[in-house]
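Engineer: Sharing input_38.txt, compact mmCIF, C-alpha atoms:
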```txt
# COMPACT_ATOMS: atom_id res chain seq x y z
CA MET A 100 18.64 10.94 -8.06
CA ASN A 101 15.96 10.64 -10.72
CA THR A 102 13.22 8.02 -10.42
CA GLU A 103 14.64 5.60 -13.00
CA ALA A 104 18.08 5.65 -11.39
CA LEU A 105 16.53 5.19 -7.95
CA LEU A 106 14.56 2.12 -9.03
CA GLY A 107 17.65 0.63 -10.67
CA ASP A 108 19.64 1.18 -7.50
CA MET A 109 16.91 -0.41 -5.38
CA ARG A 110 16.77 -3.46 -7.64
CA ARG A 111 20.53 -3.89 -7.29
CA GLN A 112 20.34 -3.59 -3.52
CA LEU A 113 17.67 -6.30 -3.35
CA SER A 114 19.60 -8.58 -5.70
CA ASP A 115 22.86 -8.10 -3.81
CA GLY A 116 21.02 -8.94 -0.59
CA GLY A 117 19.66 -12.21 -2.00
CA LEU A 118 16.07 -11.02 -2.36
CA HIS A 119 13.60 -10.97 -5.22
CA GLY A 120 11.35 -8.09 -4.22
CA CYS A 121 7.92 -6.98 -5.40
CA LEU A 122 7.13 -3.55 -3.93
CA LEU A 123 4.69 -0.70 -4.28
CA VAL A 124 4.56 2.57 -2.33
CA ARG A 125 1.61 4.92 -2.97
CA ASP A 126 0.81 8.40 -1.70
CA LEU A 127 -2.78 7.92 -0.51
CA HIS A 128 -3.65 11.57 -1.15
CA THR A 129 -2.13 12.18 -4.59
CA GLY A 130 -2.11 8.63 -6.00
CA GLU A 131 1.56 9.00 -7.00
CA GLU A 132 3.35 5.66 -6.69
CA LEU A 133 6.67 3.91 -7.16
CA GLY A 134 7.10 0.17 -7.51
CA ILE A 135 9.29 -2.75 -8.45
CA ASP A 136 7.45 -5.66 -10.10
CA PRO A 137 4.24 -4.64 -8.27
CA ASP A 138 1.93 -6.90 -10.29
CA THR A 139 3.72 -10.21 -9.63
CA GLN A 140 1.46 -12.65 -7.80
CA LEU A 141 3.06 -14.35 -4.78
CA PRO A 142 1.73 -16.65 -2.05
CA ALA A 143 0.32 -14.36 0.64
CA ALA A 144 1.20 -16.34 3.80
CA SER A 145 -0.26 -14.47 6.81
CA LEU A 146 -1.13 -11.37 4.79
CA VAL A 147 -4.41 -13.16 4.09
CA LYS A 148 -5.40 -12.45 7.69
CA VAL A 149 -6.17 -8.85 6.71
CA PRO A 150 -8.86 -9.88 4.16
CA LEU A 151 -10.10 -12.36 6.79
CA ALA A 152 -10.35 -9.56 9.37
CA LEU A 153 -12.18 -7.38 6.86
CA ALA A 154 -14.68 -10.11 6.01
CA THR A 155 -15.26 -10.98 9.68
CA ALA A 156 -15.76 -7.35 10.71
CA GLU A 157 -18.15 -6.83 7.79
CA ARG A 158 -20.24 -9.84 8.83
CA VAL A 159 -20.36 -8.51 12.39
CA ARG A 160 -21.57 -5.15 11.04
CA ARG A 161 -24.28 -6.91 9.02
CA GLY A 162 -25.45 -8.78 12.09
CA GLU A 163 -24.51 -12.18 10.65
CA LEU A 164 -22.00 -12.67 13.47
CA ASP A 165 -21.92 -11.39 17.05
CA GLY A 166 -18.45 -10.40 18.21
CA ALA A 167 -19.33 -11.44 21.76
CA THR A 168 -20.16 -15.04 20.78
CA MET A 169 -17.92 -17.46 22.66
CA LEU A 170 -16.31 -20.30 20.70
CA ASP A 171 -14.55 -23.44 21.91
CA VAL A 172 -11.15 -23.55 20.19
CA GLN A 173 -8.94 -26.60 20.17
CA PRO A 174 -5.25 -26.02 20.94
CA GLY A 175 -2.75 -25.95 18.09
CA ARG A 176 -0.05 -27.73 20.13
CA ILE A 177 2.55 -26.65 17.54
CA THR A 178 6.10 -26.84 18.87
CA THR A 179 8.13 -25.79 15.81
CA PRO A 180 9.47 -22.21 15.72
CA GLY A 181 7.23 -19.48 14.35
CA PRO A 182 3.55 -19.95 15.27
CA THR A 183 2.08 -17.79 18.03
CA GLY A 184 -0.87 -17.63 20.43
CA LEU A 185 -3.44 -20.43 20.39
CA SER A 186 -1.30 -22.25 17.84
CA ARG A 187 1.07 -23.08 20.71
CA PHE A 188 -1.61 -23.69 23.38
CA ARG A 189 -1.75 -27.14 24.96
CA HIS A 190 -5.35 -27.05 26.17
CA PRO A 191 -8.76 -26.04 24.76
CA SER A 192 -9.88 -22.43 25.19
CA ARG A 193 -13.19 -20.57 25.11
CA ILE A 194 -12.77 -17.25 23.31
CA ALA A 195 -15.06 -14.56 21.86
CA ILE A 196 -15.08 -13.84 18.12
CA ASP A 197 -13.83 -10.29 18.78
CA ASP A 198 -10.83 -11.65 20.67
CA LEU A 199 -10.09 -14.23 17.98
CA LEU A 200 -10.03 -11.32 15.53
CA TYR A 201 -7.43 -9.59 17.69
CA LEU A 202 -5.29 -12.73 18.02
CA SER A 203 -5.48 -13.52 14.31
CA THR A 204 -4.57 -10.03 13.09
CA CYS A 205 -2.38 -8.50 15.80
CA VAL A 206 -0.53 -11.64 16.98
CA SER A 207 -0.76 -13.49 13.62
CA ASP A 208 -2.21 -16.53 15.40
CA GLY A 209 -3.00 -19.18 12.77
CA THR A 210 -5.28 -21.23 15.04
CA ALA A 211 -7.35 -18.12 15.85
CA ALA A 212 -7.51 -17.36 12.11
CA ASP A 213 -8.75 -20.87 11.35
CA ALA A 214 -11.48 -20.51 13.97
CA LEU A 215 -12.60 -17.41 12.04
CA PHE A 216 -12.29 -19.26 8.72
CA ASP A 217 -14.63 -21.91 10.18
CA LEU A 218 -17.22 -19.13 10.50
CA THR A 219 -16.41 -17.46 7.16
CA PRO A 220 -14.80 -19.99 4.79
CA PRO A 221 -12.20 -18.89 2.23
CA GLY A 222 -14.71 -18.78 -0.62
CA GLN A 223 -17.00 -16.48 1.37
CA VAL A 224 -14.08 -14.23 2.33
CA ALA A 225 -13.27 -13.95 -1.40
CA ASP A 226 -16.91 -13.14 -2.20
CA ILE A 227 -17.01 -10.37 0.41
CA LEU A 228 -13.80 -8.87 -0.98
CA HIS A 229 -15.38 -8.77 -4.44
CA GLU A 230 -18.59 -7.24 -3.07
CA LEU A 231 -16.48 -4.48 -1.51
CA GLY A 232 -14.57 -3.84 -4.73
CA VAL A 233 -11.29 -5.39 -3.64
CA ARG A 234 -9.69 -7.28 -6.54
CA GLY A 235 -6.49 -9.24 -7.12
CA ILE A 236 -6.37 -11.16 -3.82
CA THR A 237 -7.14 -14.88 -3.97
CA VAL A 238 -8.30 -16.70 -0.82
CA ARG A 239 -8.30 -20.48 -1.23
CA HIS A 240 -7.48 -22.08 2.13
CA GLY A 241 -7.07 -21.54 5.86
CA MET A 242 -3.91 -21.35 7.91
CA LEU A 243 -3.43 -24.96 9.03
CA GLU A 244 -1.86 -25.81 5.66
CA LEU A 245 0.90 -23.30 6.36
CA SER A 246 2.07 -25.33 9.37
CA ASP A 247 2.64 -28.44 7.26
CA THR A 248 5.57 -27.52 5.03
CA PRO A 249 9.07 -29.00 4.62
CA ALA A 250 10.20 -26.72 7.46
CA GLU A 251 8.19 -28.81 9.92
CA ARG A 252 9.69 -32.06 8.62
CA PHE A 253 13.32 -31.17 9.29
CA ASP A 254 14.86 -30.54 12.67
CA ALA A 255 16.26 -27.10 13.46
CA ALA A 256 19.78 -28.02 12.35
CA GLN A 257 18.43 -28.88 8.88
CA ALA A 258 16.24 -25.81 8.36
CA HIS A 259 18.43 -24.77 5.44
CA LEU A 260 17.28 -27.87 3.53
CA ALA A 261 13.65 -26.75 3.67
CA HIS A 262 14.64 -23.31 2.44
CA ALA A 263 16.78 -24.77 -0.34
CA LEU A 264 13.76 -26.77 -1.51
CA ALA A 265 11.57 -23.65 -1.39
CA ILE A 266 14.11 -21.75 -3.50
CA ASP A 267 14.89 -24.45 -6.06
CA ALA A 268 11.63 -26.37 -6.57
CA GLY A 269 9.64 -23.66 -8.33
CA THR A 270 8.79 -23.33 -12.01
CA GLY A 271 8.95 -20.39 -14.39
CA GLY A 272 5.16 -20.13 -14.25
CA ARG A 273 5.20 -19.87 -10.45
CA GLY A 274 4.05 -23.41 -9.92
CA HIS A 275 5.87 -25.19 -7.10
CA ARG A 276 6.39 -28.67 -5.68
CA VAL A 277 5.62 -27.21 -2.26
CA PRO A 278 1.84 -26.60 -2.48
CA GLN A 279 1.90 -23.60 -0.15
CA LEU A 280 4.26 -21.85 -2.60
CA ASP A 281 2.31 -22.78 -5.74
CA THR A 282 0.38 -19.71 -6.90
CA THR A 283 -2.30 -21.93 -8.48
CA ARG A 284 -3.10 -23.48 -5.09
CA ALA A 285 -2.07 -20.95 -2.44
CA ASN A 286 -3.67 -17.77 -1.16
CA THR A 287 -2.09 -15.13 -3.38
CA GLY A 288 -1.83 -11.42 -4.01
CA SER A 289 0.45 -8.84 -5.55
CA ALA A 290 1.97 -5.74 -4.02
CA ARG A 291 -0.49 -3.70 -6.06
CA ALA A 292 -3.49 -5.74 -4.89
CA TYR A 293 -2.53 -5.27 -1.26
CA VAL A 294 -1.93 -1.54 -1.73
CA GLU A 295 -5.40 -1.34 -3.29
CA LEU A 296 -6.77 -3.06 -0.17
CA LEU A 297 -4.94 -0.59 2.06
CA GLN A 298 -6.24 2.33 -0.01
CA ALA A 299 -9.80 1.02 0.40
CA LEU A 300 -9.30 0.76 4.18
CA TRP A 301 -7.72 4.22 4.63
CA THR A 302 -9.72 6.33 2.18
CA PRO A 303 -13.46 6.44 1.34
CA SER A 304 -14.53 3.27 -0.49
CA ALA A 305 -17.26 0.64 -0.58
CA ILE A 306 -15.99 -0.62 2.79
CA HIS A 307 -18.22 0.70 5.59
CA PRO A 308 -16.38 3.34 7.67
CA GLU A 309 -16.93 1.39 10.91
CA VAL A 310 -15.45 -1.75 9.37
CA ALA A 311 -12.50 0.13 7.89
CA GLU A 312 -11.74 1.73 11.26
CA ARG A 313 -11.93 -1.66 12.97
CA VAL A 314 -9.37 -3.19 10.61
CA ARG A 315 -7.12 -0.11 10.76
CA GLY A 316 -7.17 -0.35 14.55
CA LEU A 317 -6.15 -4.00 14.46
CA MET A 318 -3.27 -3.21 12.12
CA ARG A 319 -2.16 -0.32 14.36
CA ASN A 320 -1.87 -2.80 17.22
CA ASN A 321 0.17 -5.39 15.32
CA VAL A 322 2.79 -6.76 17.73
CA LEU A 323 5.15 -8.19 15.06
CA ARG A 324 7.27 -5.12 14.45
CA HIS A 325 10.72 -6.40 13.50
CA ARG A 326 10.60 -5.94 9.74
CA LEU A 327 9.52 -2.57 8.32
CA THR A 328 8.58 -0.93 11.62
CA PRO A 329 12.09 0.34 12.54
CA ASP A 330 12.12 2.49 9.38
CA PHE A 331 8.55 3.77 9.59
CA SER A 332 7.80 4.20 13.28
CA SER A 333 8.56 7.45 15.11
CA ASP A 334 6.96 10.02 17.41
CA ALA A 335 5.79 11.87 14.29
CA THR A 336 4.27 8.85 12.49
CA THR A 337 1.72 6.10 13.00
CA TRP A 338 2.63 2.75 11.42
CA SER A 339 -0.14 0.16 10.92
CA SER A 340 0.91 -3.15 9.41
CA LYS A 341 0.69 -6.89 8.93
CA THR A 342 3.54 -9.30 8.25
CA GLY A 343 3.56 -12.60 6.37
CA THR A 344 6.29 -15.25 6.61
CA LEU A 345 6.50 -18.71 5.08
CA LEU A 346 9.70 -20.59 4.25
CA ASN A 347 11.65 -18.17 2.03
CA LEU A 348 8.82 -15.64 1.81
CA ARG A 349 9.04 -12.42 3.83
CA HIS A 350 6.23 -9.91 3.37
CA GLU A 351 4.83 -6.84 5.05
CA ILE A 352 2.07 -4.42 4.16
CA GLY A 353 1.21 -1.24 6.00
CA VAL A 354 0.33 2.44 6.03
CA VAL A 355 2.55 5.16 7.48
CA GLU A 356 0.67 8.29 8.51
CA HIS A 357 2.77 11.41 9.12
CA SER A 358 1.91 14.18 11.56
CA ASP A 359 1.84 16.65 8.63
CA GLY A 360 -1.09 14.73 7.10
CA GLN A 361 0.76 12.74 4.46
CA ALA A 362 0.01 9.01 4.30
CA PHE A 363 1.63 6.26 2.24
CA ALA A 364 0.47 2.69 1.61
CA ILE A 365 3.36 0.25 1.39
CA ALA A 366 3.50 -3.37 0.28
CA VAL A 367 6.75 -5.33 0.24
CA LEU A 368 6.56 -8.97 -0.88
CA THR A 369 9.85 -10.85 -1.14
CA GLU A 370 11.36 -14.23 -1.88
CA SER A 371 14.77 -14.95 -0.39
CA LEU A 372 17.35 -16.75 -2.52
CA VAL A 373 19.44 -17.57 0.56
CA PRO A 374 18.75 -21.00 2.16
CA ALA A 375 18.52 -19.86 5.78
CA GLY A 376 15.60 -19.37 8.13
CA THR A 377 16.93 -16.46 10.19
CA GLN A 378 17.91 -13.49 8.04
CA PRO A 379 17.67 -10.20 9.96
CA GLY A 380 19.62 -8.55 7.16
CA ALA A 381 16.82 -9.37 4.72
CA ASP A 382 14.25 -7.74 7.01
CA ALA A 383 16.44 -4.63 7.30
CA LEU A 384 16.97 -4.49 3.54
CA MET A 385 13.21 -4.70 2.89
CA ALA A 386 12.69 -1.72 5.17
CA GLN A 387 15.57 0.23 3.67
CA VAL A 388 14.30 -0.12 0.12
CA ALA A 389 10.69 0.64 1.07
CA ARG A 390 11.78 3.74 2.96
CA GLY A 391 13.88 4.87 0.01
CA LEU A 392 10.83 4.70 -2.26
CA ARG A 393 8.67 6.51 0.33
CA ASP A 394 11.28 9.23 0.83
CA HIS A 395 11.49 9.81 -2.92
CA LEU A 396 7.69 10.10 -3.23
CA ARG A 397 7.52 12.42 -0.23
CA GLN A 398 9.99 14.80 -1.82
CA LEU A 399 8.09 15.07 -5.11
```
Would you kindly transcribe this structure into structure tokens?
Structural biologist:
Amino acid sequence: MNTEALLGDMRRQLSDGGLHGCLLVRDLHTGEELGIDPDTQLPAASLVKVPLALATAERVRRGELDGATMLDVQPGRITTPGPTGLSRFRHPSRIAIDDLLYLSTCVSDGTAADALFDLTPPGQVADILHELGVRGITVRHGMLELSDTPAERFDAAQAHLAHALAIDAGTGGRGHRVPQLDTTRANTGSARAYVELLQALWTPSAIHPEVAERVRGLMRNNVLRHRLTPDFSSDATTWSSKTGTLLNLRHEIGVVEHSDGQAFAIAVLTESLVPAGTQPGADALMAQVARGLRDHLRQL
């Protein structure tokens, strides 16, 4: 199948599965890439924890922060489905910055991320990204805002109502009545911007090698592996990734490194058009389409 026919087929698969997908797959050695709407800006959800990890690790390298510093962290006490780690704790904890970095990135713990944002506010994270040559990712707020959406205001039996609002309350310009989904107010990025970040972390760039290796290691140890991982993990590959989920948004970015030396950066950002919280078929479809693009590039 030629490239144009492949992309048309992938678009149809996403549409038939109730997804609007923005994807980019890039060969990190040749620069060859395939994408579907890769420049569309979408709310980043927990993908922003990768820029946060980068900024935190860079400040540790500069000596502005000490990874061994212990911080008192208040419990999140969140009881709604989704949040992990400290976000569900009932009692205060005393945790080192290095361990908050692990919880934020590998467990996608929003409370741990906000403890790091207290040290490096969103504006400073954005400044560090720009200093390191990373463009196209906007960091405006911490993670607490993401736990105050319509999903938290309905009980479990009414979750579909929150998702219906997320689907229907947007505007053509990507404004939204739900602030967390409004691209003028949310943390945002495109598939291309996140692939550029991955490229900067996996190949020589302005990011210090020690910092890049630290972030790569965190992404290798990501424990949320239900989305793209089944199609990219094997004995002959290493899959390093980060997911992002918010209402009808399902994202994942990552790098698959093959034992033959090939490596591909992958960013899949999606909006579901189906008003339901649990959609394993959507996760599987994301992986299927991303793998199809990777397979095509690998054969070139």
Engineer: Just the residues within 9 Å of stretch 234-245 of chain A, please, counting only C-alpha atoms, with nothing from its chain fewer than 3 positions along; format it as an MDAnalysis selection string.
Structural biologist: chainID A and resid 140 143:145 147 150:151 209:210 212:213 216:217 220:225 228:229 231 248 278:279 284:289 291:293 295:296 345
Engineer: From the options A:Glu312, A:Asp330, A:Asp171, A:Asp108, which residue's atoms come nearest to A:Leu199, counting all atoms listed in the file?
Structural biologist: A:Asp171
Engineer: So, counting all atoms listed in the file, which residue among A:Val367, A:Leu127, A:Leu346, A:Ala335 is closest to A:Thr139?
Structural biologist: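 The answer is A:Val367, which sits nearest to A:Thr139.
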Engineer: Excluding A:Arg393 and any residue of its chain fewer than 5 positions from it, enumerate the residues within 9 Å of it, using all atoms listed in the file, and give them as number ranges by chain.
Structural biologist: A: 124-126, 132-133, 363, 365, 388, 398
Engineer: Nearest to A:Leu399: which of A:Glu131, A:Glu103, A:Asp136, A:Asp359 is it, counting all atoms listed in the file?
Structural biologist: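 Of the candidates, the smallest distance to A:Leu399 is held by A:Glu131.
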Engineer: Let me make sure I understand: among A:Ser371, A:Leu141, A:Trp301, A:Ser203, which one has the smallest atom-to-atom distance to A:Asp267 if we use all atoms listed in the file?
Structural biologist: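 Looking only at the distances to A:Asp267, the closest residue turns out to be A:Ser371.
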Engineer: Rounded to one decimal in Å, what is the spacing between atom CA of A:Leu146 and atom CA of A:Thr102?
Structural biologist: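 Atom-to-atom, atom CA of A:Leu146 and atom CA of A:Thr102 are spaced 28.5 Å apart.
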Engineer: Select, from A:Leu327, A:Ala305, A:Ile227, A:Leu396, the residue with the minimum atom-to-atom distance to A:Ala383, counting only C-alpha atoms.
Structural biologist: A:Leu327
Engineer: State, in Å with one decimal place, the distance from atom CA of A:Val373 to atom CA of A:Thr282.
Structural biologist: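 These atoms are spaced 20.6 Å apart.
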Engineer: Taking all atoms listed in the file into account, name the residue in A:Thr337, A:Thr219, A:Gln387, A:Thr183 that is nearest to A:Leu323.
Structural biologist: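 Distance minimum relative to A:Leu323 lands on A:Thr183.
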Engineer: Write out as an mmCIF file with C-alpha atoms, in the frame of the given file which residues come within 8 Å of stretch 190-194 of chain A when counting all atoms listed in the file, dropping same-chain ones fewer than 5 positions away.
Structural biologist:
```
data_model
loop_
_atom_site.group_PDB
_atom_site.id
_atom_site.type_symbol
_atom_site.label_atom_id
_atom_site.label_comp_id
_atom_site.auth_asym_id
_atom_site.auth_seq_id
_atom_site.Cartn_x
_atom_site.Cartn_y
_atom_site.Cartn_z
ATOM 1 C CA MET A 169 -17.920 -17.460 22.660
ATOM 2 C CA LEU A 170 -16.310 -20.300 20.700
ATOM 3 C CA ASP A 171 -14.550 -23.440 21.910
ATOM 4 C CA VAL A 172 -11.150 -23.550 20.190
ATOM 5 C CA GLN A 173 -8.940 -26.600 20.170
ATOM 6 C CA PRO A 174 -5.250 -26.020 20.940
ATOM 7 C CA LEU A 199 -10.090 -14.230 17.980
#
```
Engineer: Mind listing whatever residues come within 12 Å of the point (-22.5, -12.9, 10.3)? Use all atoms listed in the file, file coordinates, and give them as a PyMOL selection string.
Structural biologist: chain A and resi 154-168+196+215+217-220+223-224+227
Engineer: Just C-alpha atoms for this one: save the residues we selected as a PDB file, in the coordinates of the input.
Structural biologist:
```pdb
ATOM      1  CA  ALA A 154     -14.680 -10.110   6.010  1.00  0.00           C
ATOM      2  CA  THR A 155     -15.260 -10.980   9.680  1.00  0.00           C
ATOM      3  CA  ALA A 156     -15.760  -7.350  10.710  1.00  0.00           C
ATOM      4  CA  GLU A 157     -18.150  -6.830   7.790  1.00  0.00           C
ATOM      5  CA  ARG A 158     -20.240  -9.840   8.830  1.00  0.00           C
ATOM      6  CA  VAL A 159     -20.360  -8.510  12.390  1.00  0.00           C
ATOM      7  CA  ARG A 160     -21.570  -5.150  11.040  1.00  0.00           C
ATOM      8  CA  ARG A 161     -24.280  -6.910   9.020  1.00  0.00           C
ATOM      9  CA  GLY A 162     -25.450  -8.780  12.090  1.00  0.00           C
ATOM     10  CA  GLU A 163     -24.510 -12.180  10.650  1.00  0.00           C
ATOM     11  CA  LEU A 164     -22.000 -12.670  13.470  1.00  0.00           C
ATOM     12  CA  ASP A 165     -21.920 -11.390  17.050  1.00  0.00           C
ATOM     13  CA  GLY A 166     -18.450 -10.400  18.210  1.00  0.00           C
ATOM     14  CA  ALA A 167     -19.330 -11.440  21.760  1.00  0.00           C
ATOM     15  CA  THR A 168     -20.160 -15.040  20.780  1.00  0.00           C
ATOM     16  CA  ILE A 196     -15.080 -13.840  18.120  1.00  0.00           C
ATOM     17  CA  LEU A 215     -12.600 -17.410  12.040  1.00  0.00           C
ATOM     18  CA  ASP A 217     -14.630 -21.910  10.180  1.00  0.00           C
ATOM     19  CA  LEU A 218     -17.220 -19.130  10.500  1.00  0.00           C
ATOM     20  CA  THR A 219     -16.410 -17.460   7.160  1.00  0.00           C
ATOM     21  CA  PRO A 220     -14.800 -19.990   4.790  1.00  0.00           C
ATOM     22  CA  GLN A 223     -17.000 -16.480   1.370  1.00  0.00           C
ATOM     23  CA  VAL A 224     -14.080 -14.230   2.330  1.00  0.00           C
ATOM     24  CA  ILE A 227     -17.010 -10.370   0.410  1.00  0.00           C
TER      25      ILE A 227
END
```
